[in-house]
Amino acid sequence: MFSDFTRAVGQIGDPRFRRVLLLGVGLALALLVGVYAGMLFLIEWLAPASVDIPLVGPVGGLDTLLSIGSALLMVGLSIFLMVPVAALFSGLFLEDVAQAVEDRHYPTLPPVPRLKLSDSLIDAVNFFGLLVMANVLALLLYPFAGPLVPVVFWAVNGFLLGREYFTLVAMRRLGRKGAKALRARHNGAIWLAGTLMAAPLSFPLVNLFIPVLGVATFTHMFHRLNSAR
């Protein structure tokens, strides 16, 4: 498992790895900027120039105050949204990462047809929704977890990352049904490997590399487990 991860890290300079990383981060930033621009437009359109306060009179600058507040809100939200949104966009291109790993480490494998863009989009959106929902539910456990909050975070996200990335890699070679069957036989090891991927999610900037490193790691893991069948 650790050798799978170190081999993935060793390929981080691959141009196709960098392309997926930059596309994911760039599109996520563009979306967040677009959302913020939309918020500013709504504030400018809906906020009155001034409001009348009893015993005080008209007070102006409300739109400016709301704009500053929205900027602070977006900075705070971006800390939490950047990683899942980047993962959502990266998910559209992660097949390129798996192919890059196979081209370098498993060059004798026969080629596989690319997944349809619509299928990749559906899988990426489903994973994003599942990731957000699971973390919202995990928030309910955090008050009872005490010092084990990081463990709960790693366990929840490790399960989801392992489940999603292993299935994504395996179904390229085995189809969706075969990928689920192989995953079911190695659930424990896949969860543990996913937890190894989830631990760096706690560190800003490092966490942006997780979608790429996760798929590369699980590509190695898939071929190791599949060859041992």
# chains A, B, ... in the order shown; residues from 1 in each chain; ligands from 1

$ residues_around --residues "Glu164 in chain A" --least-positions-apart "4" --cutoff "10 Å" --atoms "only C-alpha atoms" --output "JSON, numbers by chain"
{"A": [123, 124, 126, 127, 158, 159, 160, 168, 169, 194, 214, 215, 218]}

$ residues_around --residues "Leu174 in chain A" --least-positions-apart "3" --cutoff "12 Å" --atoms "only C-alpha atoms" --output "number ranges by chain"
A: 112-113, 166-171, 177-183, 222-223, 226

$ residues_around --residues "range 92-105 of chain A" --least-positions-apart "2" --cutoff "9 Å" --atoms "only C-alpha atoms" --output "PyMOL selection string"
chain A and resi 8+11+14+16-17+19-20+23-24+87-90+107-109+114-115+117+120-121+123-124+168-169+172+211-213+215-216+218-220

$ closest_residue --among "A:Gly38, A:Gly175, A:Pro150, A:Gly10" --to "Pro200 in chain A" --atoms "only C-alpha atoms"
A:Pro150

$ atom_distance --atom1 "CA of Gly129 in chain A" --atom2 "CA of Phe5 in chain A"
26.1 Å
